[in-house]
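The next block is target_20.cif, given as mmCIF, C-alpha atoms and all ligand atoms.
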```
data_work
loop_
_atom_site.label_atom_id
_atom_site.label_comp_id
_atom_site.auth_asym_id
_atom_site.auth_seq_id
_atom_site.Cartn_x
_atom_site.Cartn_y
_atom_site.Cartn_z
CA MET A 541 -16.39 -6.50 -44.26
CA ILE A 542 -13.02 -7.61 -43.06
CA SER A 543 -10.21 -6.63 -45.38
CA VAL A 544 -7.70 -9.03 -46.87
CA HIS A 545 -5.15 -7.42 -44.61
CA ARG A 546 -7.26 -8.41 -41.65
CA LEU A 547 -7.69 -11.89 -42.96
CA SER A 548 -3.95 -12.42 -42.82
CA LYS A 549 -3.65 -11.10 -39.30
CA ARG A 550 -2.62 -13.81 -36.97
CA ARG A 551 -4.52 -13.97 -33.76
CA VAL A 552 -3.06 -15.68 -30.84
CA ILE A 553 -5.03 -17.35 -28.13
CA ALA A 554 -2.98 -18.80 -25.42
CA SER A 555 -0.50 -17.87 -22.91
CA ILE A 556 -1.07 -17.81 -19.30
CA ILE A 557 -1.27 -21.50 -19.26
CA LEU A 558 -0.40 -22.50 -15.80
CA GLY A 559 -0.77 -18.89 -14.91
CA SER A 560 -2.24 -19.44 -11.53
CA ILE A 561 0.71 -21.40 -10.37
CA LEU A 562 2.37 -19.77 -7.49
CA PHE A 563 5.63 -20.33 -5.71
CA LEU A 564 7.26 -21.57 -8.87
CA ASN A 565 10.42 -20.27 -10.38
CA VAL A 566 10.11 -20.31 -14.13
CA ASN A 567 13.63 -21.50 -14.70
CA MET A 568 12.75 -24.73 -13.00
CA HIS A 569 9.87 -25.28 -15.36
CA VAL A 570 11.09 -24.39 -18.79
CA LEU A 571 10.43 -27.81 -20.23
CA GLU A 572 6.94 -28.15 -18.87
CA ARG A 573 6.15 -24.60 -19.87
CA ASP A 574 7.30 -25.12 -23.43
CA ARG A 575 5.31 -28.27 -23.74
CA ILE A 576 2.17 -26.56 -22.53
CA LEU A 577 2.72 -23.50 -24.65
CA GLU A 578 3.10 -25.71 -27.66
CA ILE A 579 -0.17 -27.42 -26.97
CA HIS A 580 -2.10 -24.30 -26.21
CA ARG A 581 -0.65 -21.69 -28.42
CA GLU A 582 -3.29 -21.12 -30.96
CA LEU A 583 -4.40 -18.16 -32.86
CA THR A 584 -7.69 -16.67 -33.70
CA GLN A 585 -8.12 -15.49 -37.22
CA ALA A 586 -10.94 -13.20 -38.12
CA LEU A 587 -12.78 -14.43 -41.16
CA GLU A 588 -15.41 -12.73 -43.20
CA GLY A 589 -18.81 -12.31 -41.60
CA GLY A 590 -17.53 -12.50 -38.04
CA ASP A 591 -16.52 -16.12 -38.17
CA CYS A 592 -13.12 -17.03 -36.82
CA SER A 593 -10.74 -19.93 -36.87
CA ILE A 594 -8.25 -21.17 -34.36
CA ASP A 595 -5.10 -22.34 -36.07
CA PRO A 596 -1.65 -23.20 -34.81
CA LEU A 597 0.47 -20.20 -33.97
CA SER A 598 2.91 -19.12 -36.60
CA GLU A 599 3.96 -15.70 -35.51
CA PHE A 600 3.96 -13.64 -32.40
CA THR A 601 4.37 -9.91 -32.10
CA THR A 602 5.81 -7.73 -29.37
CA PRO A 603 3.77 -4.60 -28.71
CA SER A 604 5.52 -1.28 -29.28
CA ALA A 605 6.98 0.52 -26.27
CA GLU A 606 4.27 3.19 -26.36
CA THR A 607 1.38 0.75 -26.12
CA LYS A 608 -0.46 0.84 -22.80
CA ARG A 609 0.23 -2.07 -20.48
CA THR A 610 -2.66 -3.50 -18.47
CA LEU A 611 -2.44 -5.22 -15.12
CA LEU A 612 -5.18 -7.79 -14.52
CA THR A 613 -5.71 -8.28 -10.84
CA SER A 614 -7.90 -10.75 -8.99
CA TYR A 615 -8.01 -12.82 -5.84
CA PRO A 616 -6.01 -15.95 -6.81
CA GLY A 617 -7.46 -19.05 -8.40
CA GLY A 618 -9.49 -20.23 -11.34
CA LYS A 619 -9.78 -17.37 -13.77
CA ARG A 620 -8.02 -18.87 -16.70
CA PHE A 621 -10.97 -18.28 -18.95
CA ALA A 622 -10.68 -14.51 -18.61
CA TRP A 623 -6.96 -14.53 -19.41
CA LEU A 624 -7.50 -16.73 -22.43
CA VAL A 625 -10.20 -14.48 -23.79
CA ILE A 626 -8.04 -11.39 -23.28
CA SER A 627 -5.21 -13.13 -25.11
CA ALA A 628 -7.52 -14.06 -27.93
CA LEU A 629 -8.86 -10.55 -28.28
CA THR A 630 -5.51 -8.82 -28.22
CA ASN A 631 -3.36 -11.37 -29.97
CA HIS A 632 -0.90 -11.19 -27.11
CA ASP A 633 0.17 -13.34 -24.22
CA VAL A 634 -0.86 -12.58 -20.70
CA ALA A 635 2.18 -12.83 -18.43
CA ASP A 636 2.07 -13.50 -14.70
CA ASP A 637 3.67 -12.00 -11.64
CA TRP A 638 5.63 -15.16 -10.79
CA ASN A 639 7.12 -15.12 -14.29
CA PHE A 640 5.90 -18.61 -14.92
CA SER A 641 5.24 -17.45 -18.44
CA GLY A 642 8.89 -16.34 -18.70
CA LYS A 643 7.66 -13.09 -20.23
CA LEU A 644 8.05 -10.76 -17.29
CA ASP A 645 10.98 -8.90 -18.82
CA GLU A 646 9.43 -8.64 -22.27
CA ASN A 647 7.37 -5.55 -21.68
CA VAL A 648 4.18 -7.57 -22.04
CA LEU A 649 0.83 -6.09 -22.88
CA THR A 650 -1.07 -7.69 -20.03
CA LEU A 651 0.12 -9.17 -16.79
CA LYS A 652 -1.97 -10.98 -14.23
CA THR A 653 -1.48 -10.84 -10.52
CA SER A 654 -3.26 -11.39 -7.22
CA TRP A 655 -1.44 -8.55 -5.53
CA PRO A 656 -1.69 -7.73 -2.63
CA HIS A 657 -2.67 -11.32 -1.75
CA GLU A 658 0.22 -13.07 -0.03
CA ASP A 659 0.51 -15.54 -2.90
CA SER A 660 1.61 -12.85 -5.30
CA THR A 661 4.51 -10.52 -5.84
CA TRP A 662 4.89 -7.01 -7.30
CA SER A 663 7.49 -8.21 -9.76
CA TRP A 664 6.81 -5.89 -12.68
CA ASN A 665 8.30 -2.74 -11.17
CA ASP A 666 7.17 0.16 -13.32
CA GLN A 667 6.11 -1.75 -16.43
CA MET A 668 2.34 -1.39 -16.21
CA ASP A 669 0.05 1.58 -16.92
CA GLN A 670 -3.52 0.67 -16.05
CA THR A 671 -5.51 -1.89 -14.10
CA ILE A 672 -8.51 -4.17 -14.62
CA LEU A 673 -10.04 -5.67 -11.49
CA LEU A 674 -11.54 -9.11 -11.96
CA ILE A 675 -13.79 -10.32 -9.17
CA ARG A 676 -15.59 -13.53 -8.44
CA ASN A 677 -18.05 -14.63 -5.79
CA PRO A 678 -15.89 -15.67 -2.80
CA ARG A 679 -18.09 -18.73 -2.55
CA TRP A 680 -16.34 -19.98 -5.72
CA ALA A 681 -13.10 -18.00 -5.58
CA ILE A 682 -11.94 -19.45 -2.26
CA PRO A 683 -12.48 -23.13 -3.21
CA ALA A 684 -10.77 -22.45 -6.55
CA TYR A 685 -7.81 -21.02 -4.70
CA HIS A 686 -7.73 -24.04 -2.41
CA THR A 687 -7.85 -26.44 -5.36
CA MET A 688 -4.88 -24.68 -6.89
CA ARG A 689 -3.00 -24.88 -3.61
CA TYR A 690 -3.90 -28.54 -3.30
CA GLU A 691 -2.66 -29.32 -6.78
CA LEU A 692 0.66 -27.89 -5.80
CA ASP A 693 0.49 -30.17 -2.79
CA PHE A 694 0.92 -27.08 -0.66
CA ALA A 695 4.40 -27.03 -2.05
CA VAL A 696 6.83 -24.99 -0.11
CA ASP A 697 9.85 -26.14 -2.00
CA PHE A 698 10.54 -26.35 -5.69
CA ALA A 699 11.38 -30.03 -5.77
CA SER A 700 7.96 -31.14 -4.65
CA SER A 701 6.29 -28.58 -6.91
CA LEU A 702 8.10 -30.02 -9.88
CA VAL A 703 6.96 -33.51 -9.06
CA ARG A 704 3.38 -32.33 -8.79
CA ILE A 705 3.25 -30.39 -12.04
CA PRO A 706 1.89 -33.20 -14.23
CA PHE A 707 -1.06 -33.44 -11.87
CA LEU A 708 -2.00 -29.82 -12.09
CA TYR A 709 -5.52 -29.31 -13.30
CA THR A 710 -6.22 -32.99 -13.24
CA ILE A 711 -7.11 -33.74 -9.67
CA ARG A 712 -9.22 -32.15 -7.06
CA PRO A 713 -8.90 -32.44 -3.34
CA ALA A 714 -11.27 -34.70 -1.49
CA VAL A 715 -14.11 -32.97 0.27
CA GLU A 716 -12.60 -33.72 3.70
CA VAL A 717 -9.33 -32.07 2.66
CA TRP A 718 -11.26 -29.04 1.53
CA GLU A 719 -13.25 -28.84 4.73
CA ALA A 720 -10.19 -29.02 6.95
CA TRP A 721 -8.41 -26.31 4.97
CA ARG A 722 -11.55 -24.20 4.79
CA ASP A 723 -12.15 -24.22 8.53
CA GLU A 724 -8.56 -23.30 9.22
CA ASN A 725 -8.22 -20.58 6.58
CA PHE A 726 -11.69 -19.16 6.13
CA GLU A 727 -11.20 -15.98 8.14
CA THR A 728 -7.77 -15.26 6.67
CA GLU A 729 -8.93 -15.77 3.11
CA MET A 730 -12.11 -13.75 3.59
CA ASP A 731 -9.94 -10.90 4.91
CA ALA A 732 -7.57 -11.31 1.96
CA TYR A 733 -10.52 -11.32 -0.43
CA ILE A 734 -11.99 -8.08 0.94
CA ASP A 735 -8.58 -6.42 1.28
CA HIS A 736 -7.86 -7.19 -2.35
CA ILE A 737 -10.99 -5.39 -3.51
CA ASN A 738 -10.43 -2.42 -1.20
CA TYR A 739 -6.78 -2.08 -2.13
CA TRP A 740 -7.57 -1.56 -5.80
CA MET A 741 -10.82 0.34 -5.41
CA GLU A 742 -8.95 2.82 -3.25
CA GLY A 743 -6.19 3.23 -5.81
CA GLY A 744 -3.65 1.03 -4.03
CA ARG A 745 -4.41 1.69 -0.38
CA ASP A 746 -2.59 -0.64 1.97
CA GLN A 747 -5.35 -1.92 4.22
CA THR A 748 -3.02 -2.29 7.18
CA THR A 749 -1.32 1.09 7.15
CA GLY A 750 -4.13 3.03 5.51
CA GLU A 751 -1.58 4.64 3.20
CA ILE A 752 -1.41 4.48 -0.59
CA SER A 753 1.24 1.89 -1.35
CA THR A 754 4.49 3.23 -2.80
CA HIS A 755 4.05 0.65 -5.58
CA CYS A 756 1.16 2.76 -6.77
CA SER A 757 2.40 6.22 -5.81
CA GLU A 758 5.93 5.89 -7.13
CA ASN A 759 5.25 4.04 -10.36
CA LYS A 760 3.34 5.35 -13.36
CA ILE A 761 0.55 2.77 -12.95
CA ASP A 762 -2.96 4.00 -12.22
CA CYS A 763 -3.95 1.55 -9.49
CA ARG A 764 -7.59 2.54 -9.57
CA PRO A 765 -9.14 0.05 -12.04
CA LYS A 766 -10.34 1.19 -15.44
CA GLU A 767 -12.92 -1.56 -15.30
CA ILE A 768 -14.32 -4.22 -13.00
CA LEU A 769 -15.18 -7.52 -14.59
CA ASP A 770 -17.32 -10.10 -12.83
CA PHE A 771 -15.81 -13.47 -13.58
CA ASP A 772 -19.03 -15.34 -12.90
CA THR A 773 -20.77 -13.38 -15.63
CA PHE A 774 -17.77 -13.48 -17.93
CA TYR A 775 -17.39 -17.23 -17.83
CA LYS A 776 -20.38 -18.15 -19.89
CA GLU A 777 -20.91 -19.56 -23.28
CA ASN A 778 -22.86 -16.56 -24.46
CA PRO A 779 -21.31 -13.13 -24.27
CA ASP A 780 -22.71 -10.96 -21.55
CA THR A 781 -22.10 -7.40 -20.39
CA GLU A 782 -18.66 -8.17 -18.98
CA PHE A 783 -17.47 -9.41 -22.34
CA TYR A 784 -18.62 -6.27 -24.13
CA LYS A 785 -17.13 -4.10 -21.39
CA LEU A 786 -13.80 -5.75 -21.96
CA GLY A 787 -14.02 -5.29 -25.73
CA THR A 788 -14.80 -1.61 -25.31
CA LEU A 789 -11.97 -1.08 -22.88
CA LEU A 790 -9.53 -2.81 -25.19
CA ASP A 791 -10.69 -0.62 -28.06
CA GLU A 792 -10.17 2.50 -25.96
CA THR A 793 -6.80 1.32 -24.76
CA PHE A 794 -5.45 0.39 -28.14
CA SER A 795 -7.10 2.91 -30.40
CA GLY A 796 -4.33 5.54 -30.23
CA PRO A 797 -1.96 6.06 -33.17
CA GLU A 798 0.93 5.04 -30.93
CA SER A 799 -0.59 1.64 -30.31
CA SER A 800 0.72 -1.35 -32.19
CA VAL A 801 -2.02 -3.64 -30.98
CA GLU A 802 -4.98 -4.35 -33.13
CA VAL A 803 -7.88 -5.68 -31.15
CA LEU A 804 -9.77 -8.48 -32.84
CA ALA A 805 -12.47 -7.12 -35.11
CA ALA A 806 -15.68 -6.58 -33.17
CA GLN A 807 -17.69 -9.07 -35.20
CA ALA A 808 -15.14 -11.81 -34.66
CA ARG A 809 -14.92 -11.33 -30.91
CA VAL A 810 -17.99 -13.30 -29.99
CA CYS A 811 -16.69 -16.07 -32.17
CA ALA A 812 -13.35 -16.03 -30.35
CA LEU A 813 -15.22 -16.27 -27.05
CA ASP A 814 -17.09 -19.30 -28.35
CA LYS A 815 -13.93 -20.97 -29.53
CA VAL A 816 -12.18 -20.50 -26.20
CA TYR A 817 -15.23 -21.78 -24.38
CA ASP A 818 -15.56 -24.79 -26.63
CA THR A 819 -11.92 -25.83 -26.47
CA PRO A 820 -11.81 -27.80 -23.22
CA GLU A 821 -8.07 -28.37 -23.26
CA LEU A 822 -7.59 -24.62 -23.05
CA LEU A 823 -9.72 -24.53 -19.97
CA HIS A 824 -8.09 -26.73 -17.43
CA ASP A 825 -10.88 -26.02 -15.02
CA ASN A 826 -13.24 -27.90 -17.29
CA SER A 827 -10.96 -30.83 -17.81
CA ARG A 828 -10.46 -31.77 -14.20
CA THR A 829 -11.57 -35.35 -14.14
CA ILE A 830 -10.65 -36.76 -10.77
CA GLY A 831 -12.21 -35.68 -7.52
CA PRO A 832 -15.46 -34.07 -6.58
CA LEU A 833 -17.00 -31.28 -8.61
CA SER A 834 -16.70 -27.82 -7.19
CA PRO A 835 -20.32 -27.57 -5.98
CA GLN A 836 -19.38 -30.19 -3.43
CA PHE A 837 -16.91 -27.78 -1.92
CA ARG A 838 -19.42 -26.17 0.37
CA PHE A 839 -19.32 -23.74 3.23
CA THR A 840 -21.17 -24.03 6.52
CA SER A 841 -24.20 -21.81 6.98
CA THR A 842 -22.21 -19.82 9.53
CA GLN A 843 -19.45 -19.22 7.02
CA LEU A 844 -21.94 -18.28 4.32
CA GLN A 845 -23.44 -15.82 6.77
CA ILE A 846 -20.05 -14.26 7.47
CA MET A 847 -19.35 -14.09 3.74
CA GLU A 848 -22.66 -12.40 3.15
CA ASP A 849 -22.06 -9.93 6.00
CA ARG A 850 -18.61 -9.04 4.73
CA LEU A 851 -19.95 -8.40 1.24
CA ILE A 852 -22.83 -6.32 2.59
CA GLU A 853 -20.33 -4.29 4.60
CA THR A 854 -18.18 -3.77 1.51
CA LYS A 855 -21.18 -2.90 -0.61
CA ASN A 856 -22.31 -0.32 1.96
CA LYS A 857 -18.86 1.19 1.99
CA TYR A 858 -19.05 1.95 -1.74
CA LEU A 859 -22.75 2.67 -1.95
CA PRO A 860 -22.36 6.44 -1.38
CA LEU A 861 -19.99 6.56 -4.37
CA VAL A 862 -22.20 4.86 -6.97
CA THR A 863 -22.29 7.95 -9.15
CA ASN A 864 -18.87 6.70 -10.31
CA LYS A 865 -19.15 3.93 -12.86
CA LEU A 866 -16.56 1.84 -11.04
CA GLU A 867 -18.39 1.88 -7.71
CA GLU A 868 -21.68 1.35 -9.50
CA ASP A 869 -20.33 -1.80 -11.15
CA LEU A 870 -18.87 -3.08 -7.91
CA VAL A 871 -22.07 -2.52 -5.96
CA TYR A 872 -24.11 -4.15 -8.72
CA THR A 873 -21.92 -7.24 -8.71
CA LEU A 874 -21.70 -7.49 -4.92
CA THR A 875 -25.48 -7.25 -4.74
CA ARG A 876 -25.72 -10.22 -7.05
CA TYR A 877 -23.25 -12.23 -4.93
CA ILE A 878 -25.10 -11.31 -1.74
CA LYS A 879 -28.38 -12.64 -3.16
CA LEU A 880 -26.74 -15.87 -4.24
CA LEU A 881 -25.05 -16.32 -0.85
CA ASN A 882 -28.29 -15.68 0.92
CA ALA A 883 -30.12 -18.28 -1.16
CA GLU A 884 -27.41 -20.86 -0.65
CA LYS A 885 -27.32 -20.18 3.08
CA THR A 886 -31.03 -21.00 3.30
CA VAL A 887 -30.46 -24.34 1.59
CA GLN A 888 -27.38 -25.04 3.67
CA LEU A 889 -29.35 -24.43 6.87
CA GLN A 890 -31.90 -27.00 5.73
CA ILE A 891 -29.14 -29.50 4.99
CA GLU A 892 -27.56 -28.92 8.37
CA SER A 893 -30.88 -29.27 10.19
CA GLN A 894 -31.30 -32.73 8.66
CA GLU A 895 -27.86 -33.90 9.69
C1 LIG A 901 11.53 -14.31 -16.47
O1 LIG A 901 11.75 -15.50 -17.21
C2 LIG A 901 12.62 -15.34 -18.31
C3 LIG A 901 12.64 -16.65 -19.09
O2 LIG A 901 12.98 -17.73 -18.29
C4 LIG A 901 14.01 -14.97 -17.79
O3 LIG A 901 14.89 -14.79 -18.87
C5 LIG A 901 13.88 -13.68 -16.98
O4 LIG A 901 15.13 -13.32 -16.42
C6 LIG A 901 12.85 -13.82 -15.89
N1 LIG A 901 12.65 -12.53 -15.23
C7 LIG A 901 12.56 -12.39 -13.92
C8 LIG A 901 12.41 -10.99 -13.40
O5 LIG A 901 12.58 -13.33 -13.16
#
```

For this file, write the structure as C-alpha cells.
Amino acid sequence: MISVHRLSKRRVIASIILGSILFLNVNMHVLERDRILEIHRELTQALEGGDCSIDPLSEFTTPSAETKRTLLTSYPGGKRFAWLVISALTNHDVADDWNFSGKLDENVLTLKTSWPHEDSTWSWNDQMDQTILLIRNPRWAIPAYHTMRYELDFAVDFASSLVRIPFLYTIRPAVEVWEAWRDENFETEMDAYIDHINYWMEGGRDQTTGEISTHCSENKIDCRPKEILDFDTFYKENPDTEFYKLGTLLDETFSGPESSVEVLAAQARVCALDKVYDTPELLHDNSRTIGPLSPQFRFTSTQLQIMEDRLIETKNKYLPLVTNKLEEDLVYTLTRYIKLLNAEKTVQLQIESQE
C-alpha cells in the first residue's frame, strides 16, 4: 500500500529536454528553454496499486548537499528516453554538461555528459560522486549523433544555432547527407565510441596518454561506473533488465539516512516507464516527422565489418575480467551488438551485390 504521504508526493518527469544539444550557451536560449520546460515539465504521482499519473508540475525540490550525485555518461546522441525515465524515477531534473538546462550550478542530482567525446565538456568540476555508463549499439548511436549534428546545421556559431532551434527534433537529414558525413567521419566516430567505453571502464583512463585523467584522480568522483545500461534494451515499452537495474541502483544510492531523494515507489516505476514511453511529445526521437526513418541510415558492409571487429576487440579486452559484474554486463551487451551487426552485414552484402 502506498501511504497518504506518498500520494501527495510530487513526481517530476522532465528536464533534459534539449539535453543533447551541444555547442549552445544556455544564456542564449533562455526563452526557448523555458518554453520547452513548461511543455515538458510533468510529474509522476504514485497512486495506490502501482498506478501513476502524470500531472503538471507544481513543485520542485533541490536534493540535500549530502545526497549522492550521479554522472550519466554516453556517446552523444539520442538517449533522451533514459534521461526522462531517470527524472521520472527520482523526481529530479537531469542537467547537462553544456548547461543547456541552466542547472549546472545547482548541485543537481544527475548530470549527463558524453565526456570524453569532443562534443562534451567537463564542466561540473567536483560536483559528482558516481557514474552510470549508458551504451548503445554504434550502428544506431552514430546515426543518432549525426542527426543531432544535422539539426544544429553543424552550427559553429551561436547565431545559426539559434535560428535552427525550432527545427530541432523535427527534421532528419536526407540519406545522401548522412552518407557523405558517415564516409568522412566513420573512423573518427568509431574511435571516439570505443575510447568512450574504455575511458570509463578503466576508471577515467585517457586513451591517448594511458594515464588516469586528473578529472577522475583529483575529484571525488568514482569514474568507474556503478552500472552499465544498454540503451537498446532500456528503450522498450516493457521493462527489461536494464530498467530494473536502474531502479535497484537508485534505491541503493538514495537509501541512506542522509539522502533527501525518495525514489518512486517500486510498484509505480513500471507505470512511470509506460507513461514516458506513451507520451510522444516527451520523446522527440519519436516525433520526428520529416525525413527518412533511422533504419534508412545504413552503413556499408565494410563499415559494418569494421564496427563488428572493433566491438569484438573490445569484448576480448574485457573478457578476462568477467568475474566483475561490470565487465560481465559489458561483454554481454557487446556480444548482443556483435550478433546484430553480423546479421545486418549479411543482409547489407546481399543488397550491395544486387546494386
Ligand atoms: C548555468 O546556467 C545558469 C542559468 O542560466 C547560470 O546562472 C549559470 O551561471 C550557468 N553556469 C555555468 C557554469 O555556465

May I have the centre and edge lengths, in Å to one decimal, of an axis-aligned box around the listed atoms of ligand LIG 901 (chain A) with 4 Å added to every side, as lines of an AutoDock Vina configuration file?
```
center_x = 13.3
center_y = -14.4
center_z = -16.1
size_x = 11.6
size_y = 14.7
size_z = 13.9
```

**Message:** Within 9 Å of (4.5, -0.3, -15.6) (file coordinates; all atoms listed in the file), which protein or nucleic acid residues are there? I'd like them as a ChimeraX atom specification.
**Reply:** /A:608-611,647,664-670,759-761

**Asked** From the set A:Asn725, A:Thr754, A:Thr788, A:Thr661, which residue has the shortest atom-to-atom contact distance to ligand LIG 901 (chain A), counting all atoms listed in the file?
**Response**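 Residue with the minimum atom-to-atom distance to ligand LIG 901 (chain A): A:Thr661.
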
**Asked** Pick the closest to Phe774 in chain A from A:Ile891, A:Leu651, A:Leu786, A:Met847: which is it, counting all atoms listed in the file?
**Response**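 The shortest atom-to-atom distance to Phe774 in chain A comes from A:Leu786.
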
Test item: which residues lie within 12 Å of (-24.6, -16.8, 10.4) counting all atoms listed in the file, as a CSV table (one decimal) with C-alpha atoms, in the coordinates of the input:
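Everything below was put into result_18.csv:
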```
chain,number,residue,atom,x,y,z
A,839,PHE,CA,-19.3,-23.7,3.2
A,840,THR,CA,-21.2,-24.0,6.5
A,841,SER,CA,-24.2,-21.8,7.0
A,842,THR,CA,-22.2,-19.8,9.5
A,843,GLN,CA,-19.4,-19.2,7.0
A,844,LEU,CA,-21.9,-18.3,4.3
A,845,GLN,CA,-23.4,-15.8,6.8
A,846,ILE,CA,-20.0,-14.3,7.5
A,847,MET,CA,-19.4,-14.1,3.7
A,848,GLU,CA,-22.7,-12.4,3.2
A,849,ASP,CA,-22.1,-9.9,6.0
A,850,ARG,CA,-18.6,-9.0,4.7
A,881,LEU,CA,-25.0,-16.3,-0.8
A,882,ASN,CA,-28.3,-15.7,0.9
A,885,LYS,CA,-27.3,-20.2,3.1
A,886,THR,CA,-31.0,-21.0,3.3
A,888,GLN,CA,-27.4,-25.0,3.7
A,889,LEU,CA,-29.4,-24.4,6.9
```

**Prompt:** How many Å lie between CA of Arg676 in chain A and CA of Phe771 in chain A, rounded to one decimal?
**Reply:**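 Calculated distance between CA of Arg676 in chain A and CA of Phe771 in chain A is 5.1 Å.
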
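With distances restricted to all atoms listed in the file, A:Leu644 is the closest residue to ligand LIG 901 (chain A) from A:Ala605, A:Val871, A:Leu612, A:Leu644.
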
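Shortest separation to Lys865 in chain A among A:Glu853, A:Ile768, A:Asp746, A:Phe837 occurs at residue A:Ile768, atoms counted being all atoms listed in the file.
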
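Straight-line separation from CA of Pro678 in chain A to CA of Tyr733 in chain A: 7.3 Å.
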
**Asked** What lies within 12 Å of Trp721 in chain A using only C-alpha atoms, ignoring chain neighbours under 5 positions off, as a list of chain:residue names?
**Response**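 Here the answer would be A:Ile682, A:Pro683, A:Tyr685, A:His686, A:Thr687, A:Arg689, A:Tyr690, A:Phe694, A:Pro713, A:Ala714, A:Val715, A:Glu716, A:Phe726, A:Glu727, A:Thr728, A:Glu729, A:Phe837, A:Arg838, A:Phe839.
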
**Request:** Tell me which protein, DNA and RNA residues are within 12 Å of Glu658 in chain A, counting only C-alpha atoms, leaving out same-chain ones fewer than 6 positions away, and put them as a list in words.
**Result:**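 Counting only the stated atoms, we get Leu562, Phe563, Tyr615, Pro616, Thr728, Glu729, Asp731, Ala732, Tyr733, Asp735 and His736 of chain A.
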
**Complete:** With distances taken over only C-alpha atoms and all ligand atoms, the candidate from A:Lys857, A:His632, A:Lys643, A:Lys766 nearest ligand LIG 901 (chain A) is A:Lys643
